[in-house]
Structures are given as C-alpha cells and as structure tokens.
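Peer 1: Next up, start.tsv (TSV, C-alpha atoms and all ligand atoms).
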chain	number	residue	atom	x	y	z
A	37	MET	CA	-15.74	84.50	-61.82
A	38	THR	CA	-18.26	81.74	-62.64
A	39	ALA	CA	-18.55	79.57	-65.71
A	40	SER	CA	-21.52	80.68	-67.82
A	41	ILE	CA	-24.69	80.05	-65.92
A	42	GLY	CA	-28.11	79.10	-67.36
A	43	VAL	CA	-30.93	81.34	-66.10
A	44	GLY	CA	-34.60	80.50	-65.62
A	45	LEU	CA	-37.04	83.35	-64.90
A	46	ILE	CA	-40.50	82.74	-63.40
A	47	GLY	CA	-42.80	85.77	-63.63
A	48	THR	CA	-42.38	88.84	-65.82
A	49	GLY	CA	-44.18	91.65	-63.99
A	50	TYR	CA	-42.48	94.51	-62.17
A	51	MET	CA	-39.78	92.37	-60.57
A	52	GLY	CA	-39.55	89.86	-63.43
A	53	LYS	CA	-38.49	92.62	-65.80
A	54	CYS	CA	-36.08	93.95	-63.17
A	55	HIS	CA	-34.41	90.51	-62.88
A	56	ALA	CA	-34.33	90.18	-66.69
A	57	LEU	CA	-32.58	93.56	-66.97
A	58	ALA	CA	-30.10	92.48	-64.30
A	59	TRP	CA	-29.31	89.17	-66.00
A	60	ASN	CA	-28.91	91.05	-69.30
A	61	GLY	CA	-26.74	93.79	-67.79
A	62	VAL	CA	-24.50	92.16	-65.20
A	63	LYS	CA	-21.70	91.19	-67.60
A	64	ALA	CA	-21.61	94.59	-69.29
A	65	VAL	CA	-21.47	96.45	-65.95
A	66	PHE	CA	-19.06	94.27	-63.98
A	67	GLY	CA	-17.10	92.47	-66.70
A	68	ASP	CA	-15.63	89.91	-64.28
A	69	CYS	CA	-18.24	87.16	-64.78
A	70	ALA	CA	-19.19	84.97	-67.71
A	71	ARG	CA	-22.23	86.25	-69.61
A	72	PRO	CA	-25.31	84.47	-68.19
A	73	ARG	CA	-27.30	82.42	-70.72
A	74	LEU	CA	-30.98	83.37	-70.67
A	75	VAL	CA	-32.37	79.87	-71.08
A	76	HIS	CA	-36.00	79.53	-70.01
A	77	LEU	CA	-38.86	81.85	-69.04
A	78	ALA	CA	-42.18	80.87	-67.41
A	79	GLU	CA	-45.42	82.84	-67.23
A	80	MET	CA	-49.07	82.09	-66.54
A	81	THR	CA	-49.76	81.19	-70.18
A	82	GLN	CA	-47.64	79.90	-73.06
A	83	ASP	CA	-48.59	82.91	-75.16
A	84	LEU	CA	-47.49	85.48	-72.56
A	85	ALA	CA	-44.32	83.50	-71.85
A	86	GLU	CA	-43.39	83.50	-75.54
A	87	ARG	CA	-43.96	87.24	-75.88
A	88	ARG	CA	-41.87	88.04	-72.82
A	89	ALA	CA	-39.12	85.57	-73.80
A	90	ALA	CA	-38.78	87.40	-77.12
A	91	GLU	CA	-38.64	90.80	-75.36
A	92	PHE	CA	-36.23	89.77	-72.60
A	93	GLY	CA	-34.00	87.56	-74.79
A	94	PHE	CA	-34.78	84.09	-73.36
A	95	GLU	CA	-34.37	80.98	-75.58
A	96	LYS	CA	-37.34	78.90	-74.35
A	97	ALA	CA	-40.79	79.80	-73.01
A	98	THR	CA	-43.36	77.85	-71.02
A	99	GLY	CA	-46.76	78.33	-69.42
A	100	ASP	CA	-45.81	75.74	-66.78
A	101	TRP	CA	-43.09	76.78	-64.33
A	102	ARG	CA	-42.42	73.13	-63.39
A	103	GLU	CA	-41.06	72.55	-66.92
A	104	LEU	CA	-38.54	75.36	-66.35
A	105	VAL	CA	-37.48	73.92	-62.99
A	106	ALA	CA	-36.92	70.50	-64.62
A	107	ASP	CA	-34.84	71.96	-67.48
A	108	PRO	CA	-31.24	70.63	-67.20
A	109	ASP	CA	-29.94	73.76	-68.98
A	110	VAL	CA	-31.18	75.96	-66.11
A	111	ASP	CA	-28.68	76.46	-63.25
A	112	VAL	CA	-30.34	79.32	-61.37
A	113	VAL	CA	-34.02	80.24	-61.04
A	114	SER	CA	-35.31	83.78	-60.50
A	115	VAL	CA	-38.64	83.60	-58.64
A	116	THR	CA	-40.52	86.86	-59.19
A	117	THR	CA	-44.13	85.75	-58.71
A	118	PRO	CA	-46.56	86.92	-55.99
A	119	ASN	CA	-45.60	85.99	-52.42
A	120	ALA	CA	-47.95	83.01	-52.14
A	121	PHE	CA	-45.98	81.09	-54.84
A	122	HIS	CA	-42.46	81.67	-53.50
A	123	ALA	CA	-42.24	78.61	-51.24
A	124	ASP	CA	-43.42	76.02	-53.78
A	125	MET	CA	-41.31	77.42	-56.60
A	126	ALA	CA	-38.12	78.01	-54.60
A	127	ILE	CA	-38.28	74.60	-52.90
A	128	ALA	CA	-38.94	72.78	-56.20
A	129	ALA	CA	-35.99	74.59	-57.81
A	130	LEU	CA	-33.66	73.78	-54.88
A	131	GLU	CA	-34.76	70.13	-54.91
A	132	ALA	CA	-33.98	70.03	-58.64
A	133	GLY	CA	-30.42	71.18	-57.82
A	134	LYS	CA	-30.80	74.81	-58.96
A	135	HIS	CA	-29.61	77.96	-57.25
A	136	VAL	CA	-32.45	80.35	-56.37
A	137	TRP	CA	-32.86	84.12	-56.45
A	138	CYS	CA	-36.27	84.70	-54.88
A	139	GLU	CA	-38.07	87.98	-54.42
A	140	LYS	CA	-38.91	89.17	-50.93
A	141	PRO	CA	-40.69	88.37	-48.69
A	142	MET	CA	-39.66	84.71	-48.42
A	143	ALA	CA	-43.20	83.42	-47.98
A	144	VAL	CA	-46.50	84.24	-46.38
A	145	ALA	CA	-46.42	81.70	-43.52
A	146	LEU	CA	-43.41	81.38	-41.22
A	147	ALA	CA	-43.58	77.59	-41.60
A	148	ASP	CA	-43.08	78.02	-45.37
A	149	SER	CA	-40.06	80.29	-44.85
A	150	GLU	CA	-38.65	77.65	-42.51
A	151	ARG	CA	-39.22	74.97	-45.18
A	152	MET	CA	-37.46	77.18	-47.74
A	153	ALA	CA	-34.43	77.65	-45.47
A	154	ALA	CA	-34.36	73.90	-44.76
A	155	ALA	CA	-34.53	73.11	-48.50
A	156	ALA	CA	-31.64	75.50	-49.16
A	157	ARG	CA	-29.59	73.90	-46.39
A	158	ALA	CA	-30.31	70.37	-47.64
A	159	SER	CA	-29.56	71.22	-51.29
A	160	GLY	CA	-26.23	72.96	-50.68
A	161	GLN	CA	-27.26	75.34	-53.46
A	162	VAL	CA	-27.11	79.13	-53.18
A	163	ALA	CA	-30.46	80.69	-52.23
A	164	VAL	CA	-30.73	84.45	-51.85
A	165	LEU	CA	-33.54	86.99	-51.53
A	166	GLY	CA	-34.32	90.16	-53.47
A	167	TYR	CA	-33.30	92.70	-50.84
A	168	ASN	CA	-31.99	95.23	-53.35
A	169	TYR	CA	-31.85	98.25	-51.01
A	170	ILE	CA	-28.89	96.86	-49.07
A	171	GLN	CA	-26.94	97.06	-52.34
A	172	SER	CA	-26.91	100.82	-52.83
A	173	PRO	CA	-23.40	102.34	-52.82
A	174	LEU	CA	-24.33	104.85	-50.12
A	175	MET	CA	-25.79	102.14	-47.89
A	176	ARG	CA	-22.33	100.54	-48.03
A	177	GLN	CA	-20.89	103.97	-47.14
A	178	ILE	CA	-23.22	104.23	-44.12
A	179	GLU	CA	-22.01	100.82	-42.98
A	180	ALA	CA	-18.37	101.95	-43.32
A	181	LEU	CA	-19.10	105.17	-41.38
A	182	LEU	CA	-20.71	103.20	-38.54
A	183	ARG	CA	-17.79	100.75	-38.48
A	184	GLU	CA	-15.25	103.53	-38.13
A	185	GLY	CA	-17.30	105.22	-35.39
A	186	ALA	CA	-17.98	108.39	-37.40
A	187	ILE	CA	-21.12	109.17	-35.35
A	188	GLY	CA	-19.93	107.56	-32.10
A	189	SER	CA	-21.99	104.82	-30.55
A	190	VAL	CA	-25.49	104.46	-32.02
A	191	ASN	CA	-28.35	104.80	-29.57
A	192	HIS	CA	-31.49	105.22	-31.71
A	193	VAL	CA	-32.68	104.32	-35.22
A	194	ARG	CA	-35.80	105.67	-36.91
A	195	LEU	CA	-37.13	104.17	-40.14
A	196	GLU	CA	-40.08	105.07	-42.30
A	197	MET	CA	-41.21	103.29	-45.47
A	198	ASP	CA	-44.04	104.94	-47.34
A	199	GLU	CA	-45.55	104.64	-50.82
A	200	ASP	CA	-48.93	105.67	-52.16
A	201	PHE	CA	-49.91	102.84	-54.51
A	202	MET	CA	-52.70	101.79	-52.09
A	203	ALA	CA	-53.62	105.36	-51.09
A	204	ASP	CA	-56.68	105.73	-53.34
A	205	PRO	CA	-59.66	104.24	-51.46
A	206	GLU	CA	-61.30	103.52	-54.85
A	207	ALA	CA	-58.30	101.64	-56.31
A	208	LEU	CA	-59.35	98.12	-57.37
A	209	PHE	CA	-59.01	95.18	-54.97
A	210	TYR	CA	-56.04	92.99	-56.05
A	211	TRP	CA	-53.78	90.28	-54.60
A	212	LYS	CA	-52.01	92.64	-52.20
A	213	SER	CA	-55.31	93.12	-50.31
A	214	GLU	CA	-55.84	89.36	-49.92
A	215	ALA	CA	-54.82	87.63	-46.68
A	216	SER	CA	-53.12	84.97	-48.87
A	217	SER	CA	-50.47	87.61	-49.71
A	218	GLY	CA	-49.55	88.16	-46.04
A	219	TYR	CA	-50.18	90.80	-43.37
A	220	GLY	CA	-49.84	93.83	-45.68
A	221	ALA	CA	-47.39	96.66	-45.08
A	222	LEU	CA	-45.50	94.56	-42.56
A	223	ASP	CA	-44.30	91.75	-44.81
A	224	ASP	CA	-44.75	93.43	-48.19
A	225	PHE	CA	-42.92	96.56	-47.02
A	226	GLY	CA	-41.43	96.15	-43.57
A	227	VAL	CA	-39.04	93.47	-44.74
A	228	HIS	CA	-37.10	96.10	-46.75
A	229	PRO	CA	-36.28	98.38	-43.79
A	230	LEU	CA	-35.63	95.23	-41.78
A	231	SER	CA	-33.08	94.14	-44.39
A	232	LEU	CA	-31.29	97.47	-43.90
A	233	LEU	CA	-31.42	97.15	-40.11
A	234	GLN	CA	-30.11	93.59	-40.25
A	235	THR	CA	-27.25	94.59	-42.55
A	236	LEU	CA	-26.24	97.55	-40.39
A	237	PHE	CA	-26.93	96.27	-36.86
A	238	GLY	CA	-27.82	92.55	-36.91
A	239	PRO	CA	-31.18	90.97	-36.04
A	240	VAL	CA	-34.01	92.77	-34.23
A	241	THR	CA	-34.37	91.38	-30.71
A	242	LYS	CA	-37.69	92.73	-29.36
A	243	VAL	CA	-40.80	94.26	-30.98
A	244	PHE	CA	-44.09	95.97	-30.19
A	245	ALA	CA	-46.40	96.56	-33.14
A	246	ASN	CA	-49.76	97.98	-34.12
A	247	LEU	CA	-51.32	97.25	-37.56
A	248	SER	CA	-54.15	99.25	-39.11
A	249	LYS	CA	-56.39	99.45	-42.18
A	250	PRO	CA	-57.04	102.88	-43.69
A	251	TYR	CA	-59.94	101.49	-45.78
A	252	PRO	CA	-62.22	98.59	-44.82
A	253	ASP	CA	-63.11	97.58	-48.42
A	254	ARG	CA	-62.25	98.20	-52.08
A	255	PRO	CA	-64.14	97.99	-55.39
A	256	THR	CA	-63.77	94.84	-57.53
A	257	VAL	CA	-63.73	94.48	-61.32
A	258	GLU	CA	-67.22	92.93	-61.05
A	259	GLY	CA	-68.54	96.24	-59.65
A	260	THR	CA	-69.03	94.93	-56.07
A	261	ARG	CA	-66.96	95.82	-52.99
A	262	ARG	CA	-64.71	93.38	-51.17
A	263	PRO	CA	-63.39	93.65	-47.60
A	264	VAL	CA	-59.67	94.43	-47.41
A	265	GLU	CA	-57.94	91.55	-45.64
A	266	THR	CA	-54.49	93.10	-45.15
A	267	PHE	CA	-53.13	96.02	-43.07
A	268	ASP	CA	-51.72	98.84	-45.19
A	269	ILE	CA	-50.26	100.65	-42.15
A	270	ALA	CA	-47.93	99.35	-39.43
A	271	SER	CA	-46.27	101.14	-36.49
A	272	VAL	CA	-43.50	99.30	-34.68
A	273	LEU	CA	-41.22	99.90	-31.71
A	274	PHE	CA	-38.15	97.67	-31.62
A	275	GLU	CA	-34.81	96.98	-29.98
A	276	ILE	CA	-31.70	95.97	-31.89
A	277	GLY	CA	-28.01	95.39	-31.24
A	278	GLU	CA	-26.43	96.55	-28.00
A	279	GLY	CA	-29.16	98.68	-26.42
A	280	ILE	CA	-30.28	100.51	-29.58
A	281	SER	CA	-33.96	101.53	-29.52
A	282	GLY	CA	-35.89	102.02	-32.71
A	283	VAL	CA	-39.13	103.08	-34.37
A	284	MET	CA	-40.39	101.81	-37.73
A	285	ALA	CA	-43.42	103.30	-39.49
A	286	LEU	CA	-44.81	101.66	-42.66
A	287	ASN	CA	-47.59	102.94	-44.89
A	288	ARG	CA	-48.65	101.70	-48.34
A	289	SER	CA	-51.38	104.34	-48.54
A	290	ALA	CA	-49.31	107.48	-47.88
A	291	TRP	CA	-50.36	109.99	-50.56
A	292	GLY	CA	-47.37	111.76	-52.04
A	293	ARG	CA	-44.75	109.27	-50.91
A	294	LYS	CA	-43.44	107.31	-53.89
A	295	GLY	CA	-40.52	105.22	-52.71
A	296	ARG	CA	-39.57	106.57	-49.32
A	297	ILE	CA	-37.36	104.48	-47.07
A	298	ALA	CA	-36.15	107.14	-44.68
A	299	LEU	CA	-33.46	106.13	-42.23
A	300	GLN	CA	-32.15	108.25	-39.37
A	301	ILE	CA	-29.32	106.88	-37.25
A	302	PHE	CA	-28.53	108.83	-34.10
A	303	GLY	CA	-25.19	108.37	-32.34
A	304	SER	CA	-23.24	109.91	-29.47
A	305	ALA	CA	-21.15	111.98	-31.91
A	306	GLY	CA	-23.43	112.62	-34.88
A	307	THR	CA	-26.35	111.61	-37.08
A	308	ILE	CA	-26.73	109.91	-40.47
A	309	VAL	CA	-29.80	110.56	-42.63
A	310	PHE	CA	-30.71	108.65	-45.80
A	311	ASP	CA	-33.85	108.41	-47.94
A	312	GLN	CA	-34.26	105.86	-50.74
A	313	GLU	CA	-36.27	108.46	-52.73
A	314	ARG	CA	-32.92	110.30	-53.00
A	315	PHE	CA	-30.61	107.34	-52.72
A	316	ASN	CA	-27.74	109.09	-54.49
A	317	GLU	CA	-27.49	111.44	-51.50
A	318	LEU	CA	-26.40	110.95	-47.93
A	319	GLN	CA	-26.50	113.43	-45.05
A	320	VAL	CA	-24.05	113.33	-42.20
A	321	TYR	CA	-23.89	115.56	-39.14
A	322	SER	CA	-20.75	115.46	-37.04
A	323	ALA	CA	-20.67	116.95	-33.54
A	324	ALA	CA	-16.88	117.13	-33.99
A	325	ASP	CA	-17.20	119.86	-36.65
A	326	ARG	CA	-16.21	123.42	-35.70
A	327	GLN	CA	-19.25	124.92	-33.97
A	328	SER	CA	-19.60	127.78	-36.45
A	329	LEU	CA	-19.80	125.23	-39.32
A	330	GLN	CA	-22.04	122.65	-37.69
A	331	GLY	CA	-24.86	121.34	-39.85
A	332	PHE	CA	-25.73	118.38	-42.08
A	333	ARG	CA	-23.40	117.93	-45.02
A	334	THR	CA	-24.77	116.32	-48.18
A	335	ILE	CA	-22.61	113.76	-49.93
A	336	LEU	CA	-23.43	112.82	-53.53
A	337	ALA	CA	-22.79	109.27	-54.73
A	338	GLY	CA	-19.80	108.95	-57.02
A	339	PRO	CA	-17.12	106.51	-58.16
A	340	GLN	CA	-15.52	106.77	-54.70
A	341	HIS	CA	-18.54	104.79	-53.43
A	342	PRO	CA	-18.18	101.34	-55.04
A	343	PRO	CA	-19.72	99.80	-57.03
A	344	TYR	CA	-21.01	103.13	-58.46
A	345	ASP	CA	-17.74	103.24	-60.42
A	346	ARG	CA	-18.74	100.12	-62.39
A	347	PHE	CA	-21.72	102.00	-63.86
A	348	ILE	CA	-20.52	105.59	-64.39
A	349	PRO	CA	-17.08	107.23	-64.03
A	350	ALA	CA	-18.58	110.67	-63.29
A	351	PRO	CA	-19.75	111.61	-59.76
A	352	GLY	CA	-23.19	113.01	-59.00
A	353	HIS	CA	-24.90	111.54	-62.10
A	354	GLY	CA	-26.89	109.04	-60.08
A	355	LEU	CA	-27.73	105.34	-60.25
A	356	GLY	CA	-31.31	104.08	-60.63
A	357	PHE	CA	-33.45	101.38	-58.99
A	358	ASN	CA	-32.72	98.75	-61.65
A	359	ASP	CA	-28.99	99.25	-61.09
A	360	LEU	CA	-29.42	97.97	-57.52
A	361	LYS	CA	-30.76	94.72	-59.00
A	362	ILE	CA	-27.72	94.46	-61.29
A	363	ILE	CA	-25.48	94.82	-58.22
A	364	GLU	CA	-27.56	92.19	-56.40
A	365	CYS	CA	-27.25	89.85	-59.40
A	366	HIS	CA	-23.48	90.30	-59.33
A	367	GLU	CA	-23.38	89.51	-55.59
A	368	LEU	CA	-25.41	86.36	-56.27
A	369	LEU	CA	-22.89	85.28	-58.92
A	370	ARG	CA	-20.06	85.95	-56.44
A	371	ARG	CA	-21.80	83.75	-53.84
A	372	ILE	CA	-22.30	81.00	-56.45
A	373	ALA	CA	-18.58	81.24	-57.25
A	374	GLY	CA	-17.83	80.72	-53.52
A	375	GLU	CA	-16.64	84.29	-53.00
A	376	ASP	CA	-17.57	86.72	-50.20
A	377	ALA	CA	-20.88	88.30	-51.16
A	378	ARG	CA	-23.24	90.92	-49.78
A	379	VAL	CA	-26.51	88.99	-49.91
A	380	ILE	CA	-29.39	88.10	-47.65
A	381	ASP	CA	-29.57	84.34	-48.04
A	382	PHE	CA	-32.48	82.16	-46.91
A	383	GLU	CA	-30.87	81.71	-43.48
A	384	LYS	CA	-30.62	85.46	-42.84
A	385	GLY	CA	-33.96	85.98	-44.57
A	386	LEU	CA	-35.54	83.67	-42.01
A	387	GLU	CA	-34.41	86.06	-39.23
A	388	ILE	CA	-36.28	88.86	-41.02
A	389	GLU	CA	-39.38	86.65	-41.34
A	390	ARG	CA	-39.20	85.81	-37.63
A	391	ALA	CA	-39.14	89.53	-36.81
A	392	VAL	CA	-42.15	90.15	-39.07
A	393	HIS	CA	-44.20	87.34	-37.53
A	394	ALA	CA	-43.21	88.50	-34.03
A	395	MET	CA	-44.56	91.95	-34.97
A	396	ALA	CA	-47.85	90.44	-36.14
A	397	GLN	CA	-48.06	88.43	-32.91
A	398	SER	CA	-47.36	91.58	-30.92
A	399	HIS	CA	-50.27	93.31	-32.71
A	400	ARG	CA	-52.60	90.41	-31.98
A	401	GLU	CA	-51.57	90.15	-28.33
A	402	GLN	CA	-50.87	93.89	-27.79
A	403	ARG	CA	-47.59	93.28	-25.97
A	404	TRP	CA	-43.79	93.25	-26.47
A	405	ILE	CA	-42.49	90.06	-28.11
A	406	SER	CA	-38.89	88.79	-28.05
A	407	VAL	CA	-37.77	87.64	-31.50
B	1	LIG	N1	-37.38	93.81	-54.32
B	1	LIG	C1	-38.26	94.75	-54.51
B	1	LIG	O1	-37.95	95.95	-54.39
B	1	LIG	C2	-39.66	94.39	-54.90
B	1	LIG	C3	-40.52	95.34	-55.45
B	1	LIG	C4	-41.80	94.93	-55.85
B	1	LIG	C5	-42.20	93.62	-55.66
B	1	LIG	N2	-41.35	92.73	-55.10
B	1	LIG	C6	-41.77	91.31	-54.90
B	1	LIG	O2	-41.74	90.68	-56.17
B	1	LIG	C7	-42.78	89.70	-56.24
B	1	LIG	C8	-43.62	90.00	-57.47
B	1	LIG	O3	-44.17	91.28	-57.36
B	1	LIG	P1	-44.44	92.16	-58.66
B	1	LIG	O4	-44.75	93.53	-58.18
B	1	LIG	O5	-43.39	91.94	-59.68
B	1	LIG	O6	-45.81	91.46	-59.14
B	1	LIG	P2	-46.45	91.52	-60.59
B	1	LIG	O7	-47.89	91.24	-60.39
B	1	LIG	O8	-46.03	92.75	-61.32
B	1	LIG	O9	-45.76	90.28	-61.33
B	1	LIG	C9	-45.98	88.96	-60.96
B	1	LIG	C10	-45.79	88.12	-62.21
B	1	LIG	O10	-45.85	86.73	-61.87
B	1	LIG	C11	-46.63	86.07	-62.86
B	1	LIG	N3	-47.16	84.82	-62.29
B	1	LIG	C12	-48.10	84.69	-61.32
B	1	LIG	N4	-48.31	83.37	-61.08
B	1	LIG	C13	-47.49	82.69	-61.90
B	1	LIG	C14	-47.26	81.30	-62.13
B	1	LIG	N5	-47.94	80.37	-61.46
B	1	LIG	N6	-46.35	80.94	-63.07
B	1	LIG	C15	-45.66	81.87	-63.77
B	1	LIG	N7	-45.85	83.21	-63.60
B	1	LIG	C16	-46.75	83.60	-62.68
B	1	LIG	C17	-47.71	87.07	-63.21
B	1	LIG	O11	-48.33	86.78	-64.46
B	1	LIG	C18	-46.87	88.36	-63.27
B	1	LIG	O12	-46.24	88.56	-64.51
B	1	LIG	C19	-43.55	89.81	-54.94
B	1	LIG	O13	-43.13	88.80	-54.09
B	1	LIG	C20	-43.18	91.16	-54.38
B	1	LIG	O14	-43.22	91.20	-52.97
B	1	LIG	C21	-40.08	93.08	-54.73
Can the structure from this file be put into structure tokens for me?
Ligand SMILES: NC(=O)c1ccc[n+]([C@@H]2O[C@H](COP(=O)([O-])OP(=O)(O)OC[C@H]3O[C@@H](n4cnc5c(N)ncnc54)[C@H](O)[C@@H]3O)[C@@H](O)[C@H]2O)c1
Peer 2:
Amino acid sequence: MTASIGVGLIGTGYMGKCHALAWNGVKAVFGDCARPRLVHLAEMTQDLAERRAAEFGFEKATGDWRELVADPDVDVVSVTTPNAFHADMAIAALEAGKHVWCEKPMAVALADSERMAAAARASGQVAVLGYNYIQSPLMRQIEALLREGAIGSVNHVRLEMDEDFMADPEALFYWKSEASSGYGALDDFGVHPLSLLQTLFGPVTKVFANLSKPYPDRPTVEGTRRPVETFDIASVLFEIGEGISGVMALNRSAWGRKGRIALQIFGSAGTIVFDQERFNELQVYSAADRQSLQGFRTILAGPQHPPYDRFIPAPGHGLGFNDLKIIECHELLRRIAGEDARVIDFEKGLEIERAVHAMAQSHREQRWISV
C-alpha cells in the first residue's frame, strides 16, 4: 500500500497507548502496508516521554510537542491529548505538511473544529478522527443488512451510550468536569453514537436536547470541593435521513454500565439490535421468518465479517477494543495511499460537531434546532 510512513505520537494515556498498539500492530494484522516507523513521541515532560518511547518502541522523545511536529522524519501525527489541545496540535501538524489522526471530539468550540477542517482542506493532507466504533466488523454487517433492505425501510433509531466512570459522586474533580473540555456527555460521549448514525444514515437534520448534572460538585486533591462545569447526562430527540425519528440517551454516571453503546434500528420488516459491550454479537429479527420460529437470532462475529478474518481465522473467538483501533489505523493508511477508506475525516467530523453544538443550543433555548 503506502511507502513506510514516519509516525509521531502526542500523548500516551488511554488513547495514546491505543494508537501506539495500532501503529505497532497494523502491519502484522493486515500485511498489505509497509511497516510504520515509530519516529517521535511527545509527552508533558521529557522524562515521561522517554519512558513511554522506550515502552512503545519510538526512536525519539520530547517534552515539547512542537519539536515533534517540526520533525522532518514524521509524516503522520497521532493527537491523543485532552480535547482542549486538539485544534492547536492538529492545525500545527497540518501546516507542517503532516497527515493527522486526531482523537474525537474534534475540538471544544465549533469555531476550532471549523479551523481544523479548513486547515485540512488547505493542506491537502489526510486528516481523520478517532471514531473507532464505526470500524467493528458487525457494524459493517449492519450497514450491509440495511443496504440490502433486510429489515425493510427504517423508521426509528434508538441509541444509548452509558458508562460509569463519573458515577461516584465522590470521584475526584478532573479535566472532564471542566468547561474547557466541552459540554460533557454530549461531546465526550455523544459523538460516538453520532459517528454510527452518520455512517449508517447520513447527517442528523434536527435535534431537541436536554442536558443535566447528576452531581453539582466534586472533591479536589486539595481537599476542597469544586463545582462541576459539565453535564454528565444528555437526552436527545433527533431526525435523520428520510423521515427517520430517533432518541439518543447519554450518561457518563450510569452505575453498572461499562461501555454500552446500544443501538436499536426498527424497520418495516424487522429490527436490528447491537450493543458495543457485546460487539462480537448482533441480533436480527425478521418479520419474514416463519411465524412459529419468529424471534431475535444472534449472530456471532467470525471471518465471514471482514476484517475479522485478518485477526483470527476461527469464528466466535471475539475481537477486542484495541483491534478496532488497528482497523482504523489501516483505514487511515488506505486513505493516505489514495484508496477508498472507511474513515470520518475532518469534513465529516465537522458535521458531527455541528450536530453536537445544535444539541447544546437546543438545551439552552429549549426548542428544536435544525442542524
Ligand atoms: N476513541 C475513543 O474511543 C476514545 C476513548 C477515550 C478517550 N478518547 C479521546 O482521547 C483523548 C485523550 O483522552 P485519554 O482518555 O487518552 O486521556 P488521558 O488523560 O488518559 O491521556 C492524555 C495524555 O495526553 C498527555 N498530554 C496532555 N497535554 C499534553 C501536551 N501538551 N503535550 C503532550 N502530551 C500531553 C497527558 O500527559 C496524557 O498522557 C480525548 O480527546 C478523548 O476524548 C477517545
């Protein structure tokens, strides 16, 4: 596919490690690309950068991300820092002639997302976002089922995204509770279900949203309490595609939910049910089945659902979260090579951001907003 590409990685937390695993694994899994060169890694301090570079297999380390962006050996930059840094880092990388793989959401302010999309357009470089959930083999299967009309014409979509990492009212205040990180569940979380909706049905056209805070304040490391500035819960009504109505419920403080992105798609001839917590399973109900056998059938992911086959030849053994990032990395390399690729680039990402900001506006003004 591509000639060997030099990788720069900014940030080495949850997503930074995930990107590092993807860059390390993509050649072994897919075989059809040159092995990426892990060139330069940036962290908050030189010391941390050096430790992580040794662990992840990067040649150079820096405590100043601008040094990485200026490195002529770097062709593509992974931006895996908190949301507030995405715009500056992605734009600087694009202006330096690098491709960019930036974590979601694009940015906190819509104006910054617009600047990012403009920088990508002006640079002619590839700029894609970390919307890993669109990559799962069974999500591709859902898309194929919808295309072939397996459940007739879709009339309603229901989506829930719940996790419980903010559920403990006594959990320490950190950047995700600061207004500088965004609205909360809406942009931190909602963008993932929106990436699925966009992939399956196109952009959301109309929204009505309500945002709420389960806890008004949280303890700080200094032993004081600080008001929570973001909304950990969001409830949204929306319209999408040709007359499809939808409901989206988001909650970062939902005890017991660990990685739920539950999708129900209702059509005139059946229903599709999927949950990211069990993303190696898909449930399909067909009204065309013999009445005595009607019920949801469960389909397990296997090599017949590409690109599962690139990881494991045996069905039912299951892929993991990090594998989605390897698939995403491969799609990015395909896009860089000028091939068809399943990615959400900055242009499509901007549509998601517009939907998110329309939802926030709807909450403020308590009315329907056209996106
Ligand atoms: N795609 C997904 O499924 C997914 C999941 C979780 C988070 N995310 C996104 O990934 C991004 C990072 O989230 P995370 O959970 O990995 O956060 P994290 O706190 O685990 O990691 C952030 C890292 O960035 C580093 N960093 C911060 N400022 C920096 C700077 N100026 N220079 C260099 N390094 C810097 C921090 O030291 C840390 O290592 C966020 O935008 C988040 O929304 C995406």
Peer 1: Which polymer residues, protein or nucleic acid, are no farther than 10 Å from (-44.7, 89.3, -32.4), counting all atoms listed in the file, as an NGL selection string?
Peer 2: :A and (242-245 or 390-407)
Peer 1: Could you please extract the residues within 7 Å of ligand LIG 1 (chain B), counting all atoms listed in the file, and hand them back as a PDB file with C-alpha atoms, keeping the file's coordinate frame?
Peer 2:
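What ended up in result-v8.pdb:
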ATOM      1  CA  ILE A  46     -40.500  82.740 -63.400  1.00  0.00           C
ATOM      2  CA  GLY A  47     -42.800  85.770 -63.630  1.00  0.00           C
ATOM      3  CA  THR A  48     -42.380  88.840 -65.820  1.00  0.00           C
ATOM      4  CA  GLY A  49     -44.180  91.650 -63.990  1.00  0.00           C
ATOM      5  CA  TYR A  50     -42.480  94.510 -62.170  1.00  0.00           C
ATOM      6  CA  MET A  51     -39.780  92.370 -60.570  1.00  0.00           C
ATOM      7  CA  GLY A  52     -39.550  89.860 -63.430  1.00  0.00           C
ATOM      8  CA  ALA A  78     -42.180  80.870 -67.410  1.00  0.00           C
ATOM      9  CA  GLU A  79     -45.420  82.840 -67.230  1.00  0.00           C
ATOM     10  CA  MET A  80     -49.070  82.090 -66.540  1.00  0.00           C
ATOM     11  CA  GLY A  99     -46.760  78.330 -69.420  1.00  0.00           C
ATOM     12  CA  ASP A 100     -45.810  75.740 -66.780  1.00  0.00           C
ATOM     13  CA  TRP A 101     -43.090  76.780 -64.330  1.00  0.00           C
ATOM     14  CA  THR A 116     -40.520  86.860 -59.190  1.00  0.00           C
ATOM     15  CA  THR A 117     -44.130  85.750 -58.710  1.00  0.00           C
ATOM     16  CA  PRO A 118     -46.560  86.920 -55.990  1.00  0.00           C
ATOM     17  CA  ASN A 119     -45.600  85.990 -52.420  1.00  0.00           C
ATOM     18  CA  PHE A 121     -45.980  81.090 -54.840  1.00  0.00           C
ATOM     19  CA  GLU A 139     -38.070  87.980 -54.420  1.00  0.00           C
ATOM     20  CA  LYS A 140     -38.910  89.170 -50.930  1.00  0.00           C
ATOM     21  CA  PRO A 141     -40.690  88.370 -48.690  1.00  0.00           C
ATOM     22  CA  GLY A 166     -34.320  90.160 -53.470  1.00  0.00           C
ATOM     23  CA  TYR A 167     -33.300  92.700 -50.840  1.00  0.00           C
ATOM     24  CA  ASN A 168     -31.990  95.230 -53.350  1.00  0.00           C
ATOM     25  CA  ASP A 224     -44.750  93.430 -48.190  1.00  0.00           C
TER      26      ASP A 224
END
Peer 1: Figure out the distance between CA of Val162 in chain A and CA of Arg371 in chain A, please, to one decimal in Å.
Peer 2: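 We find that CA of Arg371 in chain A and CA of Val162 in chain A lie 7.1 Å from each other.
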Peer 1: Using only C-alpha atoms, find the one residue out of A:Val309, A:Met197, A:Met284, A:Ile170 that sits nearest to Arg296 in chain A.
Peer 2: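 Looking at the shortest contact to Arg296 in chain A, the residue is A:Met197.
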Peer 1: With only C-alpha atoms as the atoms that count, which of A:Thr81, A:Thr266, A:Gln177, A:Asn287 lies nearest to Gly338 in chain A?
Peer 2: A:Gln177
Peer 1: Pick out the residues sitting within 9 Å of Asp200 in chain A, and hand them over as a list in words; count only C-alpha atoms, and ignore anything fewer than 5 positions along from it in its own chain.
Peer 2: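 Everything that qualifies: Asn287, Arg288, Ser289, Ala290, Trp291, Gly292, Arg293, Lys294 and Gly295 of chain A.
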Peer 1: Please indicate the distance in Å from CA of Gly226 in chain A to CA of Phe315 in chain A, rounded to one decimal place.
Peer 2: 18.1 Å
Peer 1: Which polymer residues have any atom within 7 Å of an atom of range 143-151 of chain A, counting all atoms listed in the file, with same-chain residues fewer than 3 positions away left out, as a list in words?
Peer 2: Asn119, Ala120, His122, Ala123, Ala154, Ala155, Ser217, Gly218, Leu386 and Glu389 of chain A
